[in-house]
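First comes the structure, then the notes that go with it.
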Amino acid sequence: MALSVSSVGGRTARHGGEARHVDTPSAVSGLLRVCLAAARAFRLCLLLVGLLMPSSCWAYRPFIATDAAVADPREVEIELGYFTLERDRGENSFIIPHIVLNYGVFKNWEAVAEFSVLRSPGGEMNLIDPALSVKGILKEGVLQEKNGVSIAVEVGPLLPSTLKDEHHFGFEATGIASAKLGPFMFHVNGGLGMSRSTGDLTGIWGVIGELPLVHGLRLVGEVDGEKPRHENQADSALIGAIWQPWPSKNVSFDAGIRRGFTSGASAWLVTMGVTFSFSVSSSEATSTALAGLRQARSSGPWR
């Protein structure tokens with residue numbers, strides 16, 4: 001499979017590069033091992049989200065683009081892609097995991113950190129698409145329970161990855177607008193970046209559409225693209241779903257299928273993940289209460 005990583009960061013990595021050939025039995029055996037690992041990771045995710053659920057959240061996996069919303073102050077949101085299978089030129093690669101961490105610094109501003117781990121058909125592991133950014137709300141709107149369009153900006157450096165020719169820093173700045181039209185929610189992204197591999201200026205864009213169905217289930221779609229100045233254009237589209245089984249809890253599961261339309265994007269990609277969040281303040285309050293309980297037990301008359 002041709003493997004490479006897009007030079008501009010995003011919510012999901014794109015890959016392509018030098019072709020590698022593996023024998024079929026090894027590929028099947030590797031696929032089975034990865035599927036079992038994904039199943040174990042899924043069970044672990046269920047355990048974690050069962051322990052850390054207080055309020056509602058708005059999941060933005062499995063998209064490359066994002067929305068004009070941020071985490072509340074002192075809230076941690078974790079977007080975990082626990083299984084991503086990418087197929088291109090007849091070979092498979094896996095991204096396990098893809099992680100995005102969002103932390104509410106103060107009202108309408110959050111810090112974002114993300115990275116992925118790529119397992120190539122030959123079994124080689126690489127850290128890909130590491131990035132840091134700051135995201136802020138410039139105009140409150142529908143996503144902040146106000147009237148009108150929500151407008152945000154996300155800016156930050158792209159960190160070097162361990163892949164060949166990706167050992168340099170890059171940069172990305174994106175404007176984001178979210179609006180509601182009837183039952184549909186739309187998120188439009190557009191911006192510029194600087195390539196990790198060549199330092200070239202890169203244009204990026206994306207449009208997300210969401211349609212609520214029933215029982216916390218949303219049908220979602222996305223079209224997106226990027227065009228480095230001296231590299232192939234990478235355009236793709238995604239169709240998928242986000243399921244929030246407990247409306248009062250802050251956990252959402254997602255699944256999607258992505259199809260590339262140009263030579264710069266992978267032919268097919270299948271991804272599954274989970275998004276959950278928790279308040280740091282609540283965690284500290286719980287820890288304080290437990291410490292107080294332990295102290296009371298140790299000094300109580302029954303000792």
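Letters for chains follow the order of the structure tokens (A, B, ...), residue numbers begin at 1 for each chain, and ligand numbers begin at 1 in the order shown.
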Check: Do you know which residues are at most 9 Å from Ile151 in chain A counting only C-alpha atoms, after dropping those on the same chain fewer than 6 positions away, and could you put them as JSON, numbers by chain?
Finding: {"A": [67, 68, 69, 136, 137, 138, 139, 140, 141, 175, 176, 177, 178]}
Quick one: everything within 7 Å of Arg218 in chain A, counting only C-alpha atoms, minus sequence neighbours fewer than 4 positions away in the same chain. Send it as a PDB file with C-alpha atoms, in the first residue's frame.
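In the end it all went to selection16.pdb:
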ATOM      1  CA  GLU A 210     -25.568  16.602  10.257  1.00  0.00           C
ATOM      2  CA  LEU A 211     -29.152  15.390  10.380  1.00  0.00           C
ATOM      3  CA  PRO A 212     -30.709  14.163  13.680  1.00  0.00           C
ATOM      4  CA  LEU A 213     -32.669  10.937  13.296  1.00  0.00           C
ATOM      5  CA  ALA A 241     -23.272   8.223  11.979  1.00  0.00           C
ATOM      6  CA  ILE A 242     -22.866   9.499  15.542  1.00  0.00           C
ATOM      7  CA  TRP A 243     -24.816   7.799  18.318  1.00  0.00           C
TER       8      TRP A 243
END
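Across A:Phe94, A:Trp246, A:Trp205, A:Tyr103, the tightest approach to Glu172 in chain A is made by A:Trp205 when counting only C-alpha atoms.
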Next item on the list: Excluding Ile208 in chain A and residues on its chain fewer than 6 positions from it, collect all residues at most 10 Å away from it, counting only C-alpha atoms, and give them as number ranges by chain.
Entry: A: 60, 63-67, 178, 185-189, 220-224, 237-238
Go ahead and write the selection's residues with N, CA and C atoms as an mmCIF file, in the first residue's frame.
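Wrote it out as again.cif, contents follow:
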data_model
loop_
_atom_site.group_PDB
_atom_site.id
_atom_site.type_symbol
_atom_site.label_atom_id
_atom_site.label_comp_id
_atom_site.auth_asym_id
_atom_site.auth_seq_id
_atom_site.Cartn_x
_atom_site.Cartn_y
_atom_site.Cartn_z
ATOM 1 N N TYR A 60 -17.215 15.420 17.595
ATOM 2 C CA TYR A 60 -16.793 15.789 16.262
ATOM 3 C C TYR A 60 -15.784 14.852 15.654
ATOM 4 N N PHE A 63 -14.745 13.363 11.806
ATOM 5 C CA PHE A 63 -14.483 14.334 10.751
ATOM 6 C C PHE A 63 -13.031 14.784 10.695
ATOM 7 N N ILE A 64 -12.626 15.300 9.529
ATOM 8 C CA ILE A 64 -11.369 16.018 9.390
ATOM 9 C C ILE A 64 -11.576 17.471 9.798
ATOM 10 N N ALA A 65 -12.676 18.057 9.341
ATOM 11 C CA ALA A 65 -13.038 19.420 9.726
ATOM 12 C C ALA A 65 -13.555 19.421 11.166
ATOM 13 N N THR A 66 -13.932 20.588 11.664
ATOM 14 C CA THR A 66 -14.406 20.683 13.044
ATOM 15 C C THR A 66 -15.544 21.692 13.141
ATOM 16 N N ASP A 67 -16.006 21.951 14.351
ATOM 17 C CA ASP A 67 -17.153 22.823 14.594
ATOM 18 C C ASP A 67 -16.723 24.069 15.347
ATOM 19 N N SER A 178 -20.419 27.689 12.096
ATOM 20 C CA SER A 178 -21.452 26.675 12.305
ATOM 21 C C SER A 178 -22.820 27.345 12.289
ATOM 22 N N MET A 185 -27.590 20.746 10.630
ATOM 23 C CA MET A 185 -26.513 21.545 11.188
ATOM 24 C C MET A 185 -25.330 21.483 10.225
ATOM 25 N N PHE A 186 -24.751 22.659 9.911
ATOM 26 C CA PHE A 186 -23.628 22.727 8.989
ATOM 27 C C PHE A 186 -22.431 23.383 9.671
ATOM 28 N N HIS A 187 -21.225 22.903 9.308
ATOM 29 C CA HIS A 187 -19.975 23.471 9.804
ATOM 30 C C HIS A 187 -19.045 23.652 8.608
ATOM 31 N N VAL A 188 -18.645 24.876 8.352
ATOM 32 C CA VAL A 188 -17.803 25.199 7.198
ATOM 33 C C VAL A 188 -16.423 25.625 7.692
ATOM 34 N N ASN A 189 -15.380 25.000 7.140
ATOM 35 C CA ASN A 189 -13.991 25.300 7.511
ATOM 36 C C ASN A 189 -13.214 25.804 6.301
ATOM 37 N N VAL A 220 -24.413 11.722 9.436
ATOM 38 C CA VAL A 220 -23.438 12.776 9.190
ATOM 39 C C VAL A 220 -22.732 12.561 7.862
ATOM 40 N N GLY A 221 -22.280 13.652 7.281
ATOM 41 C CA GLY A 221 -21.511 13.593 6.047
ATOM 42 C C GLY A 221 -20.510 14.724 6.014
ATOM 43 N N GLU A 222 -19.482 14.572 5.183
ATOM 44 C CA GLU A 222 -18.435 15.590 5.085
ATOM 45 C C GLU A 222 -17.774 15.517 3.721
ATOM 46 N N VAL A 223 -17.442 16.665 3.170
ATOM 47 C CA VAL A 223 -16.537 16.759 2.028
ATOM 48 C C VAL A 223 -15.405 17.691 2.445
ATOM 49 N N ASP A 224 -14.189 17.360 2.056
ATOM 50 C CA ASP A 224 -13.050 18.166 2.486
ATOM 51 C C ASP A 224 -11.921 18.036 1.479
ATOM 52 N N ALA A 237 -14.600 12.408 0.726
ATOM 53 C CA ALA A 237 -15.937 12.571 1.308
ATOM 54 C C ALA A 237 -16.193 11.446 2.293
ATOM 55 N N LEU A 238 -16.971 11.742 3.317
ATOM 56 C CA LEU A 238 -17.293 10.769 4.358
ATOM 57 C C LEU A 238 -18.797 10.683 4.553
#
Next item on the list: Do a neighbour search on Glu86 in chain A at 6 Å with only C-alpha atoms, toss out local chain neighbours closer than 6 positions, and write the hits as a ChimeraX atom specification.
Entry: /A:92-93,268-269
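In terms of minimum interatomic distance to Gly216 in chain A, A:Val251 ranks closest within A:Ile95, A:Leu192, A:Val251, A:Val76, counting only C-alpha atoms.
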